[in-house]
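See below for upload14.txt, which holds compact mmCIF, N, CA and C atoms.
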```txt
# COMPACT_ATOMS: atom_id res chain seq x y z
N PHE H 4 57.73 -84.85 44.78
CA PHE H 4 58.66 -85.91 44.45
C PHE H 4 59.99 -85.32 44.04
N GLU H 5 60.98 -86.17 43.99
CA GLU H 5 62.35 -85.71 43.76
C GLU H 5 62.86 -86.23 42.42
N LYS H 6 63.57 -85.37 41.69
CA LYS H 6 64.20 -85.77 40.44
C LYS H 6 65.70 -85.53 40.56
N ASN H 7 66.46 -86.39 39.94
CA ASN H 7 67.91 -86.26 39.94
C ASN H 7 68.40 -86.16 38.51
N LEU H 8 69.34 -85.28 38.29
CA LEU H 8 70.01 -85.18 37.00
C LEU H 8 71.45 -85.58 37.20
N TYR H 9 71.94 -86.38 36.31
CA TYR H 9 73.32 -86.85 36.41
C TYR H 9 74.16 -86.12 35.37
N PHE H 10 75.18 -85.43 35.83
CA PHE H 10 76.15 -84.79 34.96
C PHE H 10 77.50 -85.39 35.28
N PRO H 11 78.03 -86.21 34.40
CA PRO H 11 79.33 -86.84 34.70
C PRO H 11 80.43 -85.78 34.72
N ASN H 12 81.49 -86.10 35.45
CA ASN H 12 82.64 -85.20 35.46
C ASN H 12 83.27 -85.16 34.08
N ALA H 13 83.89 -84.05 33.78
CA ALA H 13 84.49 -83.86 32.46
C ALA H 13 85.69 -84.79 32.27
N HIS H 14 85.97 -85.07 31.00
CA HIS H 14 87.15 -85.87 30.65
C HIS H 14 88.40 -85.00 30.77
N HIS H 15 89.55 -85.63 30.64
CA HIS H 15 90.83 -84.95 30.84
C HIS H 15 90.99 -83.71 29.95
N ALA H 16 90.76 -83.84 28.66
CA ALA H 16 90.93 -82.71 27.74
C ALA H 16 89.93 -81.59 28.06
N ASP H 17 88.73 -81.97 28.44
CA ASP H 17 87.72 -80.98 28.80
C ASP H 17 88.11 -80.25 30.07
N LYS H 18 88.68 -80.97 31.02
CA LYS H 18 89.13 -80.33 32.27
C LYS H 18 90.24 -79.33 32.00
N ALA H 19 91.14 -79.65 31.10
CA ALA H 19 92.21 -78.71 30.76
C ALA H 19 91.60 -77.42 30.19
N MET H 20 90.59 -77.55 29.36
CA MET H 20 89.91 -76.37 28.82
C MET H 20 89.17 -75.61 29.92
N ILE H 21 88.57 -76.33 30.87
CA ILE H 21 87.88 -75.68 31.98
C ILE H 21 88.87 -74.87 32.81
N TRP H 22 90.03 -75.45 33.11
CA TRP H 22 91.06 -74.73 33.85
C TRP H 22 91.47 -73.46 33.11
N LYS H 23 91.76 -73.61 31.82
CA LYS H 23 92.23 -72.47 31.02
C LYS H 23 91.17 -71.38 30.95
N ASP H 24 89.93 -71.76 30.67
CA ASP H 24 88.85 -70.77 30.57
C ASP H 24 88.59 -70.09 31.91
N SER H 25 88.61 -70.86 32.99
CA SER H 25 88.36 -70.28 34.32
C SER H 25 89.42 -69.25 34.69
N VAL H 26 90.68 -69.59 34.42
CA VAL H 26 91.77 -68.67 34.75
C VAL H 26 91.69 -67.43 33.86
N GLU H 27 91.47 -67.63 32.56
CA GLU H 27 91.46 -66.49 31.65
C GLU H 27 90.23 -65.60 31.84
N LYS H 28 89.13 -66.17 32.31
CA LYS H 28 87.97 -65.32 32.62
C LYS H 28 88.24 -64.46 33.85
N LYS H 29 88.98 -65.02 34.79
CA LYS H 29 89.30 -64.29 36.01
C LYS H 29 90.36 -63.21 35.74
N ILE H 30 91.27 -63.49 34.81
CA ILE H 30 92.34 -62.55 34.47
C ILE H 30 92.26 -62.27 32.97
N PRO H 31 91.34 -61.44 32.53
CA PRO H 31 91.15 -61.24 31.09
C PRO H 31 92.36 -60.67 30.35
N ARG H 32 93.22 -59.92 31.04
CA ARG H 32 94.38 -59.33 30.34
C ARG H 32 95.37 -60.39 29.88
N PHE H 33 95.26 -61.62 30.41
CA PHE H 33 96.14 -62.71 29.99
C PHE H 33 95.43 -63.65 29.03
N GLY H 34 94.31 -63.24 28.49
CA GLY H 34 93.54 -64.09 27.58
C GLY H 34 94.28 -64.37 26.29
N SER H 35 93.55 -64.81 25.29
CA SER H 35 94.17 -65.28 24.05
C SER H 35 95.04 -64.23 23.36
N SER H 36 94.75 -62.93 23.56
CA SER H 36 95.56 -61.93 22.88
C SER H 36 96.32 -61.01 23.83
N GLY H 37 96.02 -61.07 25.13
CA GLY H 37 96.53 -60.08 26.06
C GLY H 37 97.90 -60.34 26.65
N GLY H 38 98.29 -61.56 26.85
CA GLY H 38 99.57 -61.81 27.50
C GLY H 38 99.82 -63.30 27.59
N VAL H 39 100.79 -63.66 28.36
CA VAL H 39 101.17 -65.06 28.42
C VAL H 39 101.07 -65.56 29.86
N LEU H 40 100.31 -66.61 30.05
CA LEU H 40 100.28 -67.34 31.32
C LEU H 40 100.89 -68.69 31.02
N ARG H 41 101.95 -69.00 31.66
CA ARG H 41 102.61 -70.28 31.41
C ARG H 41 102.19 -71.29 32.47
N LEU H 42 100.96 -71.74 32.37
CA LEU H 42 100.45 -72.77 33.27
C LEU H 42 100.30 -74.07 32.51
N ASP H 43 100.59 -75.14 33.16
CA ASP H 43 100.43 -76.47 32.55
C ASP H 43 99.01 -76.95 32.87
N TYR H 44 98.09 -76.60 31.99
CA TYR H 44 96.68 -76.94 32.20
C TYR H 44 96.45 -78.45 32.14
N GLN H 45 97.26 -79.16 31.36
CA GLN H 45 97.13 -80.61 31.28
C GLN H 45 97.44 -81.25 32.64
N SER H 46 98.46 -80.77 33.30
CA SER H 46 98.80 -81.30 34.63
C SER H 46 97.73 -80.97 35.65
N LEU H 47 97.21 -79.75 35.59
CA LEU H 47 96.12 -79.37 36.49
C LEU H 47 94.89 -80.25 36.25
N ALA H 48 94.62 -80.55 34.99
CA ALA H 48 93.49 -81.42 34.67
C ALA H 48 93.70 -82.82 35.24
N TYR H 49 94.91 -83.31 35.13
CA TYR H 49 95.23 -84.64 35.67
C TYR H 49 95.08 -84.66 37.20
N MET H 50 95.60 -83.62 37.85
CA MET H 50 95.55 -83.57 39.31
C MET H 50 94.15 -83.33 39.85
N SER H 51 93.27 -82.78 39.02
CA SER H 51 91.92 -82.49 39.48
C SER H 51 90.93 -83.58 39.07
N ASP H 52 91.44 -84.77 38.81
CA ASP H 52 90.57 -85.90 38.48
C ASP H 52 89.60 -86.13 39.63
N GLY H 53 88.33 -86.22 39.33
CA GLY H 53 87.31 -86.41 40.36
C GLY H 53 86.64 -85.12 40.79
N PHE H 54 87.18 -83.99 40.36
CA PHE H 54 86.59 -82.70 40.69
C PHE H 54 85.63 -82.27 39.58
N SER H 55 84.55 -81.64 39.96
CA SER H 55 83.59 -81.14 38.97
C SER H 55 84.08 -79.80 38.43
N ALA H 56 83.42 -79.33 37.35
CA ALA H 56 83.76 -78.03 36.79
C ALA H 56 83.52 -76.93 37.81
N GLY H 57 82.46 -77.07 38.60
CA GLY H 57 82.17 -76.08 39.63
C GLY H 57 83.24 -76.03 40.70
N ALA H 58 83.78 -77.20 41.07
CA ALA H 58 84.85 -77.25 42.06
C ALA H 58 86.11 -76.59 41.51
N ILE H 59 86.40 -76.81 40.24
CA ILE H 59 87.56 -76.18 39.60
C ILE H 59 87.39 -74.66 39.60
N ASN H 60 86.21 -74.21 39.25
CA ASN H 60 85.95 -72.76 39.24
C ASN H 60 86.10 -72.17 40.64
N SER H 61 85.64 -72.88 41.65
CA SER H 61 85.77 -72.34 43.01
C SER H 61 87.23 -72.32 43.46
N ILE H 62 88.03 -73.28 43.03
CA ILE H 62 89.46 -73.27 43.36
C ILE H 62 90.14 -72.08 42.68
N VAL H 63 89.79 -71.83 41.42
CA VAL H 63 90.36 -70.68 40.72
C VAL H 63 89.98 -69.39 41.46
N ASP H 64 88.74 -69.30 41.91
CA ASP H 64 88.30 -68.11 42.66
C ASP H 64 89.05 -67.97 43.98
N MET H 65 89.34 -69.09 44.65
CA MET H 65 90.07 -69.03 45.92
C MET H 65 91.52 -68.60 45.72
N VAL H 66 92.12 -69.03 44.62
CA VAL H 66 93.53 -68.69 44.36
C VAL H 66 93.66 -67.26 43.84
N LEU H 67 92.81 -66.91 42.89
CA LEU H 67 92.96 -65.62 42.23
C LEU H 67 92.12 -64.54 42.92
N THR H 68 92.54 -64.21 44.11
CA THR H 68 91.92 -63.12 44.84
C THR H 68 92.35 -61.79 44.21
N LYS H 69 91.72 -60.71 44.59
CA LYS H 69 92.09 -59.41 44.04
C LYS H 69 93.55 -59.09 44.37
N LYS H 70 93.94 -59.39 45.60
CA LYS H 70 95.33 -59.14 46.02
C LYS H 70 96.31 -59.94 45.16
N ARG H 71 95.97 -61.22 44.89
CA ARG H 71 96.87 -62.06 44.08
C ARG H 71 96.92 -61.58 42.64
N MET H 72 95.79 -61.15 42.10
CA MET H 72 95.78 -60.67 40.72
C MET H 72 96.58 -59.37 40.58
N ASP H 73 96.56 -58.54 41.62
CA ASP H 73 97.34 -57.30 41.58
C ASP H 73 98.85 -57.57 41.60
N SER H 74 99.24 -58.72 42.13
CA SER H 74 100.68 -59.03 42.22
C SER H 74 101.18 -59.93 41.09
N LEU H 75 100.37 -60.17 40.07
CA LEU H 75 100.77 -61.07 38.98
C LEU H 75 101.97 -60.56 38.19
N ASP H 76 102.11 -59.25 38.08
CA ASP H 76 103.25 -58.71 37.32
C ASP H 76 104.58 -58.98 38.03
N GLU H 77 104.56 -58.94 39.37
CA GLU H 77 105.79 -59.18 40.13
C GLU H 77 106.04 -60.67 40.36
N GLU H 78 104.99 -61.41 40.58
CA GLU H 78 105.12 -62.84 40.89
C GLU H 78 104.18 -63.64 39.98
N PRO H 79 104.73 -64.31 38.97
CA PRO H 79 103.88 -65.06 38.03
C PRO H 79 103.09 -66.17 38.73
N LEU H 80 101.97 -66.48 38.15
CA LEU H 80 101.11 -67.54 38.67
C LEU H 80 101.74 -68.90 38.39
N SER H 81 101.62 -69.82 39.35
CA SER H 81 102.18 -71.16 39.15
C SER H 81 101.12 -72.21 39.47
N GLU H 82 101.35 -73.40 38.95
CA GLU H 82 100.43 -74.51 39.20
C GLU H 82 100.36 -74.87 40.67
N GLN H 83 101.48 -74.68 41.37
CA GLN H 83 101.57 -75.06 42.78
C GLN H 83 100.52 -74.34 43.63
N GLU H 84 100.17 -73.13 43.25
CA GLU H 84 99.16 -72.38 43.99
C GLU H 84 97.81 -73.09 43.93
N PHE H 85 97.51 -73.71 42.80
CA PHE H 85 96.25 -74.44 42.64
C PHE H 85 96.33 -75.81 43.31
N VAL H 86 97.50 -76.43 43.25
CA VAL H 86 97.68 -77.76 43.82
C VAL H 86 97.40 -77.75 45.31
N TRP H 87 97.84 -76.71 45.99
CA TRP H 87 97.60 -76.62 47.43
C TRP H 87 96.10 -76.68 47.71
N PHE H 88 95.29 -75.98 46.94
CA PHE H 88 93.84 -76.00 47.13
C PHE H 88 93.23 -77.32 46.70
N LEU H 89 93.79 -77.95 45.67
CA LEU H 89 93.30 -79.27 45.26
C LEU H 89 93.47 -80.28 46.38
N GLU H 90 94.57 -80.18 47.10
CA GLU H 90 94.82 -81.11 48.21
C GLU H 90 93.90 -80.83 49.39
N LYS H 91 93.50 -79.58 49.58
CA LYS H 91 92.71 -79.20 50.74
C LYS H 91 91.21 -79.35 50.51
N LYS H 92 90.77 -79.26 49.27
CA LYS H 92 89.33 -79.28 48.98
C LYS H 92 88.83 -80.72 48.95
N PRO H 93 87.93 -81.08 49.86
CA PRO H 93 87.45 -82.47 49.90
C PRO H 93 86.46 -82.76 48.78
N LEU H 94 86.41 -84.00 48.39
CA LEU H 94 85.43 -84.44 47.39
C LEU H 94 84.18 -84.93 48.13
N HIS H 95 83.22 -84.05 48.32
CA HIS H 95 82.03 -84.40 49.08
C HIS H 95 81.03 -85.23 48.28
N ASP H 96 81.03 -85.07 46.99
CA ASP H 96 79.95 -85.64 46.19
C ASP H 96 80.17 -87.09 45.80
N ASP H 97 81.30 -87.69 46.14
CA ASP H 97 81.55 -89.06 45.73
C ASP H 97 80.50 -90.02 46.24
N GLU H 98 80.20 -89.96 47.52
CA GLU H 98 79.22 -90.89 48.10
C GLU H 98 77.83 -90.62 47.56
N ARG H 99 77.47 -89.35 47.40
CA ARG H 99 76.17 -89.01 46.82
C ARG H 99 76.07 -89.52 45.39
N MET H 100 77.17 -89.38 44.64
CA MET H 100 77.20 -89.84 43.26
C MET H 100 77.05 -91.35 43.19
N LEU H 101 77.76 -92.09 44.05
CA LEU H 101 77.66 -93.54 44.07
C LEU H 101 76.25 -93.99 44.45
N SER H 102 75.68 -93.32 45.43
CA SER H 102 74.33 -93.65 45.87
C SER H 102 73.33 -93.42 44.75
N PHE H 103 73.46 -92.28 44.07
CA PHE H 103 72.57 -91.98 42.95
C PHE H 103 72.73 -93.01 41.84
N THR H 104 73.97 -93.33 41.49
CA THR H 104 74.22 -94.29 40.42
C THR H 104 73.64 -95.66 40.77
N ARG H 105 73.84 -96.08 42.00
CA ARG H 105 73.31 -97.38 42.42
C ARG H 105 71.79 -97.41 42.34
N SER H 106 71.14 -96.36 42.81
CA SER H 106 69.68 -96.35 42.80
C SER H 106 69.14 -96.19 41.38
N PHE H 107 69.80 -95.38 40.56
CA PHE H 107 69.34 -95.12 39.20
C PHE H 107 69.47 -96.36 38.32
N THR H 108 70.56 -97.08 38.46
CA THR H 108 70.81 -98.24 37.61
C THR H 108 70.21 -99.53 38.17
N GLY H 109 69.79 -99.48 39.42
CA GLY H 109 69.25 -100.68 40.05
C GLY H 109 70.31 -101.62 40.58
N LEU H 110 71.55 -101.19 40.59
CA LEU H 110 72.64 -102.05 41.05
C LEU H 110 72.53 -102.38 42.53
N GLU H 111 72.02 -101.45 43.32
CA GLU H 111 71.92 -101.68 44.76
C GLU H 111 70.96 -102.83 45.05
N SER H 112 69.80 -102.83 44.39
CA SER H 112 68.84 -103.91 44.64
C SER H 112 69.36 -105.25 44.11
N ARG H 113 70.05 -105.21 42.95
CA ARG H 113 70.61 -106.45 42.42
C ARG H 113 71.71 -106.99 43.33
N TRP H 114 72.51 -106.09 43.89
CA TRP H 114 73.57 -106.49 44.82
C TRP H 114 72.97 -107.17 46.04
N LYS H 115 71.93 -106.56 46.57
CA LYS H 115 71.30 -107.13 47.76
C LYS H 115 70.70 -108.51 47.47
N GLU H 116 70.08 -108.66 46.29
CA GLU H 116 69.49 -109.95 45.92
C GLU H 116 70.57 -111.02 45.79
N SER H 117 71.69 -110.67 45.18
CA SER H 117 72.73 -111.68 44.94
C SER H 117 73.58 -111.97 46.18
N ASN H 118 73.56 -111.07 47.16
CA ASN H 118 74.38 -111.24 48.35
C ASN H 118 73.55 -111.42 49.62
N GLY H 119 72.37 -111.90 49.47
CA GLY H 119 71.54 -112.21 50.63
C GLY H 119 71.14 -111.01 51.45
N GLY H 120 70.95 -109.86 50.83
CA GLY H 120 70.47 -108.68 51.53
C GLY H 120 71.52 -107.84 52.20
N SER H 121 72.80 -108.17 52.02
CA SER H 121 73.85 -107.35 52.66
C SER H 121 74.00 -106.03 51.92
N ASP H 122 74.44 -105.05 52.65
CA ASP H 122 74.59 -103.69 52.13
C ASP H 122 75.84 -103.60 51.25
N PRO H 123 75.72 -103.12 49.98
CA PRO H 123 76.89 -103.03 49.09
C PRO H 123 77.90 -102.00 49.55
N LYS H 124 77.50 -101.07 50.41
CA LYS H 124 78.42 -100.02 50.86
C LYS H 124 79.36 -100.52 51.96
N LYS H 125 78.94 -101.59 52.64
CA LYS H 125 79.76 -102.13 53.72
C LYS H 125 80.59 -103.29 53.21
N LYS H 126 81.86 -103.26 53.50
CA LYS H 126 82.74 -104.35 53.08
C LYS H 126 82.65 -105.50 54.09
N LYS H 127 82.75 -106.68 53.55
CA LYS H 127 82.72 -107.86 54.44
C LYS H 127 84.06 -108.02 55.13
N THR H 128 84.00 -108.34 56.39
CA THR H 128 85.24 -108.60 57.14
C THR H 128 85.28 -110.06 57.52
N LYS H 129 86.47 -110.61 57.50
CA LYS H 129 86.61 -112.05 57.81
C LYS H 129 87.17 -112.24 59.17
```
Would you mind writing the structure in this file as structure tokens?
Amino acid sequence: FEKNLYFPNAHHADKAMIWKDSVEKKIPRFGSSGGVLRLDYQSLAYMSDGFSAGAINSIVDMVLTKKRMDSLDEEPLSEQEFVWFLEKKPLHDDERMLSFTRSFTGLESRWKESNGGSDPKKKKTK
């Protein structure tokens, strides 16, 4: 049999901390005592709404390659480098999440009962 665990996406403040921790773990010399990274983690958290912590970590890994980390002294890191990946990375789990939520809460069966058996995923066309 199958079991599902639901882990909601982090809130805005938590996402900002996830961004900061992910970047500083990848570049330890810029951590709390090592140097200064002037990234707007709040904006990154806002732009990554709908992304999981794992997706954020994978974006940080895609941006901060060894070659990019070696060039940090000459070219500072910017939010725009992450934004490009945020725009390119699709949100695959939305439909799975909705399906899980509907089945877990019983909303899908209640929807079908109240709407004569029509599928809640399909919109009615007139």
Gly53 of chain H surroundings by only C-alpha atoms, 7 Å radius, close-in-sequence under 2 positions cut, as a ChimeraX atom specification: /H:12,51,55
Separation of atom CA of Phe88 of chain H from atom C of Ser61 of chain H, in Å and rounded to one decimal: 8.4 Å
Selection: 8 Å around Ile30 of chain H, all atoms listed in the file, excl. self and same-chain fewer than 4 positions, as a PyMOL selection string: chain H and resi 24-26+34+67+72
Prev. selection, N, CA and C atoms, output as a short mmCIF file (atom, residue, chain, number, x, y, z; two decimals), in the frame of the given file:
```
data_model
loop_
_atom_site.label_atom_id
_atom_site.label_comp_id
_atom_site.auth_asym_id
_atom_site.auth_seq_id
_atom_site.Cartn_x
_atom_site.Cartn_y
_atom_site.Cartn_z
N ASP H 24 89.93 -71.76 30.67
CA ASP H 24 88.85 -70.77 30.57
C ASP H 24 88.59 -70.09 31.91
N SER H 25 88.61 -70.86 32.99
CA SER H 25 88.36 -70.28 34.32
C SER H 25 89.42 -69.25 34.69
N VAL H 26 90.68 -69.59 34.42
CA VAL H 26 91.77 -68.67 34.75
C VAL H 26 91.69 -67.43 33.86
N GLY H 34 94.31 -63.24 28.49
CA GLY H 34 93.54 -64.09 27.58
C GLY H 34 94.28 -64.37 26.29
N LEU H 67 92.81 -66.91 42.89
CA LEU H 67 92.96 -65.62 42.23
C LEU H 67 92.12 -64.54 42.92
N MET H 72 95.79 -61.15 42.10
CA MET H 72 95.78 -60.67 40.72
C MET H 72 96.58 -59.37 40.58
#
```
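Using all atoms listed in the file, the smallest distance between any of H:Leu40, H:Leu47, H:Leu110, H:Met20 and Phe85 of chain H comes from H:Leu47.
Interatomic distance, atom N of Arg71 of chain H to atom CA of Leu42 of chain H: 17.0 Å.
Reported to one decimal place, the separation of atom N of Ile62 of chain H from atom CA of Gln83 of chain H is 13.7 Å.
Among the candidate residues H:Pro79, H:Pro31, H:Gly109, H:Pro11, the one lying nearest to Ala56 of chain H is H:Pro11, with distances computed using only N, CA and C atoms.
Look at Met50 of chain H: the protein and nucleic acid residues within 8 Å of it, using all atoms listed in the file and passing over chain neighbours fewer than 4 places away, are Tyr44, Gln45, Ser46, Phe54, Val86, Leu89 and Glu90 of chain H.
If only C-alpha atoms are the atoms counted, then among H:Thr68, H:Thr104, H:Ser81, H:Asn118 the closest residue to Phe10 of chain H is H:Thr104.
In terms of minimum interatomic distance to Asp52 of chain H, H:His15 ranks closest within H:Leu75, H:Glu27, H:His15, H:Val66, counting only C-alpha atoms.
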If I wrap all listed atoms of segment 69-81 of chain H in a box with edges along x, y and z and add 6 Å on each side, what are its centre and edge lengths in Å to one decimal, as AutoDock Vina command-line options?
```
--center_x 98.9 --center_y -64.8 --center_z 41.7 --size_x 26.3 --size_y 26.9 --size_z 20.7
```
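Of the residues under consideration (H:Trp22, H:Arg41, H:Tyr9, H:Asp73), H:Trp22 shows the shortest atom-to-atom contact distance to Asn60 of chain H when counting all atoms listed in the file.
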All alpha helix (DSSP H) residues (DSSP, backbone) inside segment 46-117 of chain H, as a VMD selection string: chain H and resid 46 to 50 56 to 66 69 to 73 82 to 91 96 to 108 110 to 117
